[in-house]
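Chemist: One file: model17.cif (mmCIF, C-alpha atoms).
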data_data
#
loop_
_atom_site.label_atom_id
_atom_site.label_comp_id
_atom_site.auth_asym_id
_atom_site.auth_seq_id
_atom_site.Cartn_x
_atom_site.Cartn_y
_atom_site.Cartn_z
CA MET A 1 -18.86 1.02 -105.38
CA THR A 2 -17.26 3.59 -107.67
CA GLY A 3 -19.35 6.30 -109.28
CA LEU A 4 -19.42 9.95 -110.24
CA ARG A 5 -19.20 12.55 -107.50
CA ALA A 6 -20.05 16.25 -107.82
CA VAL A 7 -16.73 17.69 -106.64
CA PRO A 8 -16.30 21.38 -105.71
CA VAL A 9 -13.46 22.95 -107.67
CA GLY A 10 -14.10 26.67 -107.28
CA VAL A 11 -16.14 29.15 -105.27
CA GLY A 12 -16.78 32.86 -105.64
CA SER A 13 -18.96 35.61 -104.22
CA TYR A 14 -19.99 39.18 -104.85
CA LEU A 15 -21.41 41.93 -102.65
CA PRO A 16 -22.67 45.27 -104.03
CA ALA A 17 -20.50 48.27 -103.31
CA ARG A 18 -23.02 50.17 -101.19
CA VAL A 19 -22.83 49.32 -97.47
CA VAL A 20 -25.67 50.25 -95.12
CA THR A 21 -24.76 50.16 -91.43
CA ASN A 22 -27.11 49.71 -88.50
CA ASP A 23 -26.54 53.33 -87.51
CA GLU A 24 -27.68 54.45 -90.96
CA LEU A 25 -30.89 52.44 -90.64
CA ALA A 26 -31.47 53.93 -87.18
CA LYS A 27 -31.92 57.30 -88.86
CA THR A 28 -35.03 56.12 -90.73
CA VAL A 29 -36.64 53.46 -88.48
CA ASP A 30 -37.02 53.09 -84.72
CA THR A 31 -33.99 50.93 -83.97
CA THR A 32 -30.40 51.10 -82.75
CA HIS A 33 -27.14 49.39 -83.63
CA GLU A 34 -27.14 47.72 -80.22
CA TRP A 35 -30.71 46.40 -80.61
CA ILE A 36 -29.95 44.85 -84.01
CA VAL A 37 -26.66 43.28 -82.92
CA GLU A 38 -28.12 41.83 -79.72
CA ARG A 39 -31.00 40.12 -81.54
CA THR A 40 -29.37 39.19 -84.85
CA GLY A 41 -25.60 39.66 -84.81
CA ILE A 42 -25.87 41.84 -87.92
CA HIS A 43 -23.65 44.94 -88.22
CA ARG A 44 -24.07 45.90 -91.87
CA ARG A 45 -25.59 44.85 -95.18
CA HIS A 46 -24.88 45.52 -98.87
CA ILE A 47 -27.53 47.04 -101.15
CA ALA A 48 -27.58 46.73 -104.94
CA ALA A 49 -27.15 49.95 -106.89
CA GLU A 50 -29.90 51.37 -109.07
CA GLY A 51 -29.96 49.28 -112.23
CA GLU A 52 -27.89 46.49 -110.66
CA MET A 53 -29.87 43.28 -111.06
CA THR A 54 -29.78 39.83 -109.49
CA SER A 55 -28.19 38.46 -112.66
CA ASP A 56 -25.38 41.02 -112.36
CA LEU A 57 -24.58 39.84 -108.86
CA ALA A 58 -24.80 36.19 -109.95
CA LEU A 59 -22.52 36.79 -112.94
CA ASN A 60 -19.81 38.38 -110.81
CA ALA A 61 -19.88 35.49 -108.34
CA ALA A 62 -19.83 32.90 -111.14
CA GLU A 63 -16.84 34.52 -112.85
CA ARG A 64 -14.87 34.50 -109.60
CA ALA A 65 -15.75 30.85 -108.98
CA LEU A 66 -14.66 29.88 -112.51
CA GLU A 67 -11.41 31.79 -112.01
CA MET A 68 -10.64 29.80 -108.86
CA ALA A 69 -11.60 26.55 -110.60
CA GLU A 70 -9.29 27.41 -113.51
CA ILE A 71 -11.71 25.95 -116.03
CA GLY A 72 -13.43 27.46 -119.04
CA ILE A 73 -17.14 27.82 -119.66
CA GLY A 74 -16.85 25.07 -122.26
CA GLU A 75 -16.53 22.55 -119.41
CA ILE A 76 -19.83 23.67 -117.86
CA ASP A 77 -23.07 22.04 -119.05
CA LEU A 78 -25.45 23.32 -116.37
CA ILE A 79 -26.18 26.55 -114.51
CA VAL A 80 -28.68 26.51 -111.65
CA VAL A 81 -29.52 29.84 -110.01
CA ALA A 82 -31.32 29.80 -106.68
CA THR A 83 -33.22 33.07 -106.23
CA ALA A 84 -36.47 34.46 -104.91
CA THR A 85 -35.77 37.84 -106.52
CA PRO A 86 -35.29 37.15 -110.25
CA ASP A 87 -34.65 39.87 -112.80
CA GLN A 88 -37.94 39.10 -114.54
CA THR A 89 -40.98 36.89 -114.06
CA PHE A 90 -39.51 35.01 -117.02
CA PRO A 91 -37.18 33.99 -118.54
CA SER A 92 -35.00 32.62 -115.75
CA THR A 93 -32.15 34.58 -114.26
CA ALA A 94 -29.96 31.55 -114.98
CA THR A 95 -30.39 31.98 -118.73
CA ARG A 96 -29.27 35.61 -118.44
CA VAL A 97 -26.13 34.44 -116.62
CA GLN A 98 -25.63 31.74 -119.26
CA ASP A 99 -25.78 34.39 -121.99
CA HIS A 100 -23.37 36.77 -120.26
CA LEU A 101 -20.88 33.95 -119.68
CA GLY A 102 -20.98 33.13 -123.39
CA MET A 103 -22.26 29.60 -122.79
CA ARG A 104 -23.94 28.47 -126.04
CA HIS A 105 -24.53 24.86 -125.05
CA GLY A 106 -26.05 22.94 -122.14
CA PHE A 107 -28.95 24.29 -120.12
CA ALA A 108 -29.78 26.73 -117.34
CA PHE A 109 -32.73 27.27 -115.02
CA ASP A 110 -33.77 28.79 -111.69
CA VAL A 111 -34.77 27.10 -108.43
CA GLN A 112 -37.00 28.91 -105.93
CA ALA A 113 -36.84 27.74 -102.32
CA VAL A 114 -36.04 31.15 -100.76
CA CYS A 115 -33.27 30.84 -98.13
CA SER A 116 -32.96 27.08 -98.71
CA GLY A 117 -32.52 27.69 -102.42
CA PHE A 118 -28.79 27.08 -102.61
CA VAL A 119 -29.05 23.66 -100.95
CA TYR A 120 -31.96 22.77 -103.25
CA ALA A 121 -29.97 23.90 -106.29
CA LEU A 122 -26.90 21.99 -105.08
CA SER A 123 -29.01 18.84 -104.76
CA VAL A 124 -30.39 19.24 -108.29
CA ALA A 125 -26.97 19.88 -109.86
CA THR A 126 -25.44 16.97 -107.97
CA GLN A 127 -27.97 14.56 -109.40
CA PHE A 128 -27.34 15.76 -112.95
CA ILE A 129 -23.61 15.19 -112.47
CA GLU A 130 -23.96 11.82 -110.71
CA THR A 131 -26.17 10.51 -113.53
CA GLY A 132 -23.75 11.75 -116.17
CA LYS A 133 -26.17 14.29 -117.64
CA ALA A 134 -23.75 17.14 -116.91
CA ARG A 135 -19.94 17.15 -116.78
CA GLY A 136 -19.75 20.36 -114.82
CA ALA A 137 -22.15 22.81 -113.19
CA ILE A 138 -22.26 26.25 -111.64
CA VAL A 139 -24.61 26.49 -108.67
CA ILE A 140 -25.44 30.08 -107.76
CA GLY A 141 -27.39 31.72 -104.96
CA ALA A 142 -28.19 35.35 -105.80
CA GLU A 143 -30.63 37.85 -104.30
CA THR A 144 -31.64 41.50 -104.35
CA PHE A 145 -33.90 41.33 -101.31
CA SER A 146 -33.64 45.10 -100.90
CA ARG A 147 -36.21 45.34 -103.72
CA ILE A 148 -38.91 43.47 -101.75
CA LEU A 149 -38.36 45.02 -98.31
CA ASP A 150 -40.72 47.42 -96.57
CA TRP A 151 -38.13 49.92 -95.38
CA SER A 152 -40.55 51.28 -92.78
CA ASP A 153 -40.86 47.87 -91.06
CA ARG A 154 -38.02 47.62 -88.55
CA ALA A 155 -38.82 43.96 -87.85
CA THR A 156 -37.73 42.96 -91.37
CA CYS A 157 -35.75 45.72 -93.08
CA VAL A 158 -32.80 45.38 -90.68
CA LEU A 159 -32.42 41.65 -91.38
CA PHE A 160 -31.72 41.39 -95.10
CA GLY A 161 -29.18 42.41 -97.72
CA ASP A 162 -28.15 41.73 -101.31
CA GLY A 163 -25.41 39.44 -102.59
CA ALA A 164 -24.44 36.37 -104.56
CA GLY A 165 -22.29 33.28 -104.19
CA ALA A 166 -21.37 30.57 -106.69
CA LEU A 167 -19.91 27.07 -106.55
CA VAL A 168 -18.38 25.22 -109.51
CA LEU A 169 -18.87 21.45 -109.48
CA ARG A 170 -17.14 18.92 -111.71
CA GLY A 171 -17.91 15.26 -112.18
CA GLU A 172 -15.09 13.04 -110.90
CA THR A 173 -14.99 9.32 -110.23
CA GLY A 174 -15.05 8.43 -106.56
CA THR A 175 -14.66 5.21 -104.59
CA GLY A 176 -18.14 5.39 -103.10
CA SER A 177 -16.77 5.90 -99.58
CA THR A 178 -17.14 8.87 -97.23
CA ASP A 179 -13.49 9.72 -97.94
CA ASP A 180 -14.45 10.84 -101.45
CA ARG A 181 -14.29 14.52 -102.24
CA GLY A 182 -17.58 16.05 -103.35
CA VAL A 183 -21.23 16.07 -102.35
CA LEU A 184 -21.84 12.97 -100.22
CA SER A 185 -25.52 13.51 -99.45
CA THR A 186 -28.38 16.00 -99.65
CA GLU A 187 -31.69 16.05 -97.77
CA LEU A 188 -34.62 18.35 -98.61
CA ARG A 189 -37.86 19.11 -96.76
CA SER A 190 -40.84 21.47 -97.04
CA ASP A 191 -44.12 22.17 -95.25
CA GLY A 192 -46.49 24.58 -96.98
CA ALA A 193 -48.69 24.91 -93.89
CA HIS A 194 -46.40 27.71 -92.66
CA ASN A 195 -46.88 30.10 -95.58
CA ALA A 196 -48.18 32.88 -93.33
CA SER A 197 -45.06 32.87 -91.14
CA LEU A 198 -42.70 34.09 -93.87
CA TYR A 199 -43.93 35.27 -97.26
CA VAL A 200 -44.14 38.11 -99.77
CA ASP A 201 -47.54 39.81 -100.05
CA GLY A 202 -47.55 40.02 -103.84
CA GLY A 203 -46.98 38.17 -107.08
CA PRO A 204 -48.01 37.98 -110.76
CA SER A 205 -51.23 36.01 -110.14
CA THR A 206 -52.30 37.80 -106.94
CA THR A 207 -51.59 41.52 -106.81
CA GLY A 208 -49.64 41.82 -110.05
CA LEU A 209 -46.90 43.53 -108.04
CA ALA A 210 -43.66 42.25 -106.51
CA GLY A 211 -44.94 42.89 -102.98
CA HIS A 212 -43.08 43.15 -99.68
CA LEU A 213 -41.59 40.55 -97.36
CA ARG A 214 -43.67 39.78 -94.25
CA MET A 215 -42.50 37.67 -91.33
CA ASN A 216 -43.56 36.33 -87.95
CA GLY A 217 -40.14 36.32 -86.36
CA ARG A 218 -40.98 34.21 -83.30
CA GLU A 219 -42.53 31.44 -85.39
CA VAL A 220 -39.61 31.40 -87.80
CA PHE A 221 -37.06 31.20 -84.97
CA LYS A 222 -38.91 28.35 -83.26
CA HIS A 223 -39.13 26.23 -86.39
CA ALA A 224 -35.68 27.18 -87.67
CA VAL A 225 -33.66 25.71 -84.81
CA ARG A 226 -35.62 22.46 -84.77
CA ASN A 227 -35.69 22.03 -88.55
CA LEU A 228 -32.06 22.97 -89.11
CA ALA A 229 -30.84 20.53 -86.46
CA GLU A 230 -33.03 17.76 -87.89
CA ILE A 231 -31.94 18.27 -91.48
CA GLY A 232 -28.27 18.53 -90.55
CA GLU A 233 -28.41 15.25 -88.68
CA ALA A 234 -30.37 13.64 -91.54
CA ALA A 235 -27.82 14.72 -94.16
CA LEU A 236 -24.99 13.27 -92.08
CA ALA A 237 -26.85 10.04 -91.36
CA SER A 238 -27.62 9.63 -95.06
CA ALA A 239 -23.87 9.59 -95.72
CA ASN A 240 -23.13 7.35 -92.70
CA LEU A 241 -21.49 10.24 -90.89
CA SER A 242 -21.96 11.92 -87.51
CA PRO A 243 -21.47 15.47 -86.15
CA ALA A 244 -18.08 14.38 -84.82
CA ASP A 245 -16.91 13.87 -88.43
CA VAL A 246 -17.72 17.47 -89.41
CA ARG A 247 -14.83 19.91 -89.71
CA TRP A 248 -16.98 22.93 -90.55
CA VAL A 249 -20.67 23.75 -90.44
CA VAL A 250 -21.57 26.33 -93.09
CA PRO A 251 -25.12 27.39 -92.19
CA HIS A 252 -27.57 29.79 -93.76
CA GLN A 253 -26.57 33.21 -92.42
CA ALA A 254 -29.92 34.49 -91.15
CA ASN A 255 -29.40 35.28 -87.50
CA ALA A 256 -26.49 34.67 -85.15
CA ARG A 257 -28.82 33.41 -82.41
CA ILE A 258 -30.34 30.80 -84.73
CA ILE A 259 -26.87 29.69 -85.82
CA GLU A 260 -25.68 29.34 -82.21
CA SER A 261 -28.82 27.53 -81.03
CA THR A 262 -28.68 25.08 -83.95
CA ALA A 263 -25.01 24.32 -83.31
CA ARG A 264 -25.77 23.51 -79.67
CA LYS A 265 -28.66 21.26 -80.67
CA ILE A 266 -26.50 19.33 -83.15
CA GLY A 267 -23.59 19.17 -80.71
CA VAL A 268 -21.02 21.19 -82.67
CA GLU A 269 -18.86 23.83 -81.00
CA MET A 270 -19.06 27.35 -82.43
CA ASP A 271 -15.36 27.28 -83.30
CA ARG A 272 -16.35 24.82 -86.06
CA VAL A 273 -19.12 27.05 -87.47
CA ILE A 274 -18.56 29.61 -90.23
CA VAL A 275 -20.35 32.88 -89.35
CA THR A 276 -20.42 35.85 -91.71
CA VAL A 277 -23.91 37.25 -91.06
CA GLN A 278 -22.43 40.29 -89.31
CA ASP A 279 -20.96 41.52 -92.59
CA HIS A 280 -23.84 41.05 -95.06
CA ALA A 281 -27.03 40.22 -93.09
CA ASN A 282 -29.44 37.62 -94.46
CA THR A 283 -28.85 37.30 -98.20
CA SER A 284 -31.31 34.39 -98.55
CA ALA A 285 -30.12 31.85 -101.16
CA ALA A 286 -26.76 33.63 -101.43
CA SER A 287 -25.73 33.30 -97.80
CA ILE A 288 -24.25 29.78 -97.74
CA PRO A 289 -22.01 30.24 -100.80
CA LEU A 290 -21.01 33.69 -99.53
CA ALA A 291 -19.88 32.18 -96.22
CA LEU A 292 -18.23 29.28 -98.03
CA ASP A 293 -16.23 31.63 -100.23
CA VAL A 294 -15.01 33.67 -97.27
CA ALA A 295 -13.85 30.57 -95.38
CA VAL A 296 -12.15 28.96 -98.39
CA ARG A 297 -10.27 32.14 -99.30
CA ASP A 298 -9.12 32.87 -95.74
CA GLY A 299 -7.77 29.33 -95.40
CA ARG A 300 -10.11 27.92 -92.78
CA ILE A 301 -11.69 25.42 -95.19
CA ARG A 302 -9.05 23.17 -96.72
CA ARG A 303 -9.03 20.32 -99.20
CA GLY A 304 -10.48 17.19 -97.61
CA ASP A 305 -12.49 18.98 -94.91
CA LEU A 306 -15.99 17.60 -94.33
CA LEU A 307 -18.61 20.36 -94.49
CA LEU A 308 -22.21 20.38 -93.34
CA LEU A 309 -24.45 22.90 -95.13
CA GLU A 310 -27.93 23.67 -93.78
CA ALA A 311 -30.65 26.24 -94.45
CA MET A 312 -34.31 27.04 -93.86
CA GLY A 313 -36.51 29.46 -95.77
CA GLY A 314 -40.06 30.64 -96.36
CA GLY A 315 -42.64 28.06 -97.24
CA PHE A 316 -41.27 26.51 -95.02
CA THR A 317 -38.45 24.84 -96.91
CA TRP A 318 -35.30 23.42 -95.40
CA GLY A 319 -32.34 21.39 -96.58
CA GLY A 320 -28.94 20.04 -95.67
CA ALA A 321 -25.91 18.64 -97.45
CA ALA A 322 -22.72 16.84 -96.49
CA MET A 323 -19.79 17.71 -98.75
CA ARG A 324 -16.08 17.00 -98.61
CA TRP A 325 -14.09 19.94 -99.95
#
Take the structure in the file and give it back as structure tokens.
Modeler:
Amino acid sequence: MTGLRAVPVGVGSYLPARVVTNDELAKTVDTTHEWIVERTGIHRRHIAAEGEMTSDLALNAAERALEMAEIGIGEIDLIVVATATPDQTFPSTATRVQDHLGMRHGFAFDVQAVCSGFVYALSVATQFIETGKARGAIVIGAETFSRILDWSDRATCVLFGDGAGALVLRGETGTGSTDDRGVLSTELRSDGAHNASLYVDGGPSTTGLAGHLRMNGREVFKHAVRNLAEIGEAALASANLSPADVRWVVPHQANARIIESTARKIGVEMDRVIVTVQDHANTSAASIPLALDVAVRDGRIRRGDLLLLEAMGGGFTWGGAAMRW
């Protein structure tokens, strides 16, 4: 059965200029480069400059994605920004990006699912395109997690960084088969019982302050591998696909050990997994589009490749998507 598909036509990313290495962090907290790499795979992270906001990062990524897509803002009806670190409590960061892009039509809003945010936003945008409510969309993951870190807590401050990634989608008619280009399936999950395992200890209606990120690392790791494997398999099954059909897994870039353990559980060799966490640490909702951009621009991901995207974040939330590039 023919129908509209949300087809990727451009991707872009942006990392702030300032780079903080593990050795630099070791000067302020009790850690070492070797300790961080062994447990996380992270070598460095990028930190937003003073006055550089989440919307600034998002805008840069969106402009680069539009440039690759070779389409104008007039062809975009929807902007969805996934972020847990918005510029303001309101209005949405997406509307700030909309304004800076000069988009005077359509609509824009934020989605908050922490590290799963990009997959959630991709699912939302896909449904708007498939139902004909939007001709084209920009899906952005953007974060300034450096603003909510406790820089004296070595268990968390070494793990995160700032960045943004954007994907341009356009509605195109497909055949309804798995050979179609575009988003073939999305699967979303959440379980609020795990709030205390990964959260921020502040907010407008609690402390009135932004707060700091708090995490039980062992609990997150345990649930991450199981949930990521489950959601990846579910997204493939929903599209009548299997792990053998996947050319590239593009996972949330949280921790190299989680990525490797999840790949083993799904049954995908690491030479089919895109890993960029070493270069930018965990950028939450930005990490999947950041990794996607790197792999598209260096030629690993090519037109027609089947991709599996998967992520888990605080809440817990988790999600997966099957997409043919």
Chemist: List as a PyMOL selection string the protein and nucleic acid residues near Gly313 in chain A, meaning an atom at most 12 Å away when only C-alpha atoms are counted, but skip any in the same chain fewer than 2 places from it.
Modeler: chain A and resi 83-84+112-120+188-192+194-195+197-199+215+220-221+223-225+227-228+252-254+282-285+287+310-311+315-319
Chemist: I'd like to know which of A:Thr173, A:Ser13, A:Thr156, A:Thr40 is closest to Val139 in chain A, using only C-alpha atoms.
Modeler: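 Using only C-alpha atoms, the shortest distance to Val139 in chain A belongs to A:Ser13.
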Chemist: Quote the spacing between CA of Gly136 in chain A and CA of Leu78 in chain A in Å to one decimal place.
Modeler: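 Computing it gives 6.6 Å between the two atoms.
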Chemist: Between CA of Gln127 in chain A and CA of Val80 in chain A, what is the distance in Å, rounded to a tenth?
Modeler: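 Distance between the two atoms: 12.2 Å.
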Chemist: Hey, which bits of range 144-191 of chain A sit within 7 Å of range 59-69 of chain A, and for each residue what's the closest pair of atoms and how far apart in Å (one decimal), counting all atoms listed in the file, rows by chain and increasing number, as CSV?
Modeler:
residue,atom,partner,partner_atom,distance
A:Ala164,CA,A:Ala61,CA,6.0
A:Gly165,CA,A:Ala61,CA,5.3
A:Ala166,CA,A:Ala62,CA,5.3
A:Leu167,CA,A:Ala65,CA,6.1
A:Val168,CA,A:Ala65,CA,6.2
Chemist: Counting only C-alpha atoms, find residues at most 7 Å from (-30.3, 17.8, -93.2) (file frame) and give them as an NGL selection string.
Modeler: :A and (186-188 or 228 or 230-235 or 310 or 319-321)
Chemist: Residues at most 9 Å from Ala291 in chain A, counting all atoms listed in the file, excluding those fewer than 2 positions away in the same chain, as a PDB file with C-alpha atoms, in the frame of the given file?
Modeler:
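Dumped everything to out02.pdb:
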ATOM      1  CA  SER A  13     -18.960  35.610-104.220  1.00  0.00           C
ATOM      2  CA  GLY A 165     -22.290  33.280-104.190  1.00  0.00           C
ATOM      3  CA  VAL A 250     -21.570  26.330 -93.090  1.00  0.00           C
ATOM      4  CA  PRO A 251     -25.120  27.390 -92.190  1.00  0.00           C
ATOM      5  CA  HIS A 252     -27.570  29.790 -93.760  1.00  0.00           C
ATOM      6  CA  GLN A 253     -26.570  33.210 -92.420  1.00  0.00           C
ATOM      7  CA  ILE A 274     -18.560  29.610 -90.230  1.00  0.00           C
ATOM      8  CA  VAL A 275     -20.350  32.880 -89.350  1.00  0.00           C
ATOM      9  CA  THR A 276     -20.420  35.850 -91.710  1.00  0.00           C
ATOM     10  CA  VAL A 277     -23.910  37.250 -91.060  1.00  0.00           C
ATOM     11  CA  ALA A 286     -26.760  33.630-101.430  1.00  0.00           C
ATOM     12  CA  SER A 287     -25.730  33.300 -97.800  1.00  0.00           C
ATOM     13  CA  ILE A 288     -24.250  29.780 -97.740  1.00  0.00           C
ATOM     14  CA  PRO A 289     -22.010  30.240-100.800  1.00  0.00           C
ATOM     15  CA  ASP A 293     -16.230  31.630-100.230  1.00  0.00           C
ATOM     16  CA  VAL A 294     -15.010  33.670 -97.270  1.00  0.00           C
ATOM     17  CA  ALA A 295     -13.850  30.570 -95.380  1.00  0.00           C
ATOM     18  CA  VAL A 296     -12.150  28.960 -98.390  1.00  0.00           C
TER      19      VAL A 296
END
Chemist: One number please: CA of Glu38 in chain A to CA of Glu269 in chain A, in Å, one decimal.
Modeler: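 Going from CA of Glu38 in chain A over to CA of Glu269 in chain A covers 20.3 Å.
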Chemist: Would you please work out which residue, of A:Leu309, A:Val158, A:Val246, A:Ala263, is nearest to Leu25 in chain A when using all atoms listed in the file?
Modeler: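 Between A:Leu309, A:Val158, A:Val246, A:Ala263, the residue approaching Leu25 in chain A most closely is A:Val158.
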Chemist: Go through A:Ala121, A:Val19, A:Ala237, A:Ala49 and flag the residue nearest Gly141 in chain A, using only C-alpha atoms for the distances.
Modeler: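 Selected residue with least distance to Gly141 in chain A: A:Ala121.
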Chemist: Using all atoms listed in the file, which of A:Asp56, A:Asp201, A:Glu70, A:Asp110 sits nearest Asp150 in chain A?
Modeler: A:Asp201
Chemist: Could you pull range 122-141 of chain A out of the structure I just pasted and write it to a file containing N, CA and C atoms, as a JSON list (two decimals), in the first residue's frame?
Modeler:
[["chain", "number", "residue", "atom", "x", "y", "z"],
["A", 122, "LEU", "N", 11.52, 12.38, 16.65],
["A", 122, "LEU", "CA", 11.47, 11.77, 15.32],
["A", 122, "LEU", "C", 10.13, 11.07, 15.10],
["A", 123, "SER", "N", 9.64, 10.38, 16.13],
["A", 123, "SER", "CA", 8.36, 9.70, 16.04],
["A", 123, "SER", "C", 7.22, 10.69, 15.83],
["A", 124, "VAL", "N", 7.25, 11.79, 16.57],
["A", 124, "VAL", "CA", 6.21, 12.81, 16.46],
["A", 124, "VAL", "C", 6.22, 13.44, 15.06],
["A", 125, "ALA", "N", 7.39, 13.84, 14.58],
["A", 125, "ALA", "CA", 7.49, 14.47, 13.27],
["A", 125, "ALA", "C", 7.07, 13.52, 12.16],
["A", 126, "THR", "N", 7.45, 12.26, 12.31],
["A", 126, "THR", "CA", 7.08, 11.26, 11.30],
["A", 126, "THR", "C", 5.58, 11.15, 11.16],
["A", 127, "GLN", "N", 4.87, 11.17, 12.28],
["A", 127, "GLN", "CA", 3.42, 11.04, 12.21],
["A", 127, "GLN", "C", 2.76, 12.27, 11.58],
["A", 128, "PHE", "N", 3.31, 13.45, 11.82],
["A", 128, "PHE", "CA", 2.78, 14.64, 11.16],
["A", 128, "PHE", "C", 2.97, 14.56, 9.65],
["A", 129, "ILE", "N", 4.12, 14.04, 9.22],
["A", 129, "ILE", "CA", 4.38, 13.93, 7.79],
["A", 129, "ILE", "C", 3.52, 12.83, 7.17],
["A", 130, "GLU", "N", 3.43, 11.67, 7.82],
["A", 130, "GLU", "CA", 2.67, 10.56, 7.26],
["A", 130, "GLU", "C", 1.18, 10.86, 7.14],
["A", 131, "THR", "N", 0.68, 11.73, 8.01],
["A", 131, "THR", "CA", -0.74, 12.11, 7.93],
["A", 131, "THR", "C", -0.99, 13.33, 7.05],
["A", 132, "GLY", "N", 0.09, 13.86, 6.47],
["A", 132, "GLY", "CA", -0.05, 14.99, 5.57],
["A", 132, "GLY", "C", -0.19, 16.33, 6.25],
["A", 133, "LYS", "N", 0.02, 16.38, 7.57],
["A", 133, "LYS", "CA", -0.10, 17.64, 8.30],
["A", 133, "LYS", "C", 1.15, 18.51, 8.17],
["A", 134, "ALA", "N", 2.24, 17.93, 7.70],
["A", 134, "ALA", "CA", 3.47, 18.68, 7.46],
["A", 134, "ALA", "C", 4.15, 18.13, 6.22],
["A", 135, "ARG", "N", 4.62, 19.03, 5.36],
["A", 135, "ARG", "CA", 5.34, 18.59, 4.15],
["A", 135, "ARG", "C", 6.79, 18.24, 4.48],
["A", 136, "GLY", "N", 7.36, 19.04, 5.38],
["A", 136, "GLY", "CA", 8.74, 18.83, 5.76],
["A", 136, "GLY", "C", 8.95, 19.23, 7.21],
["A", 137, "ALA", "N", 9.95, 18.64, 7.84],
["A", 137, "ALA", "CA", 10.19, 18.90, 9.26],
["A", 137, "ALA", "C", 11.69, 18.90, 9.55],
["A", 138, "ILE", "N", 12.07, 19.67, 10.56],
["A", 138, "ILE", "CA", 13.42, 19.60, 11.11],
["A", 138, "ILE", "C", 13.29, 19.03, 12.52],
["A", 139, "VAL", "N", 13.96, 17.93, 12.76],
["A", 139, "VAL", "CA", 13.98, 17.30, 14.08],
["A", 139, "VAL", "C", 15.36, 17.55, 14.68],
["A", 140, "ILE", "N", 15.38, 18.18, 15.84],
["A", 140, "ILE", "CA", 16.64, 18.61, 16.44],
["A", 140, "ILE", "C", 16.77, 18.05, 17.86],
["A", 141, "GLY", "N", 17.95, 17.57, 18.17],
["A", 141, "GLY", "CA", 18.32, 17.26, 19.56],
["A", 141, "GLY", "C", 19.39, 18.24, 19.97]]
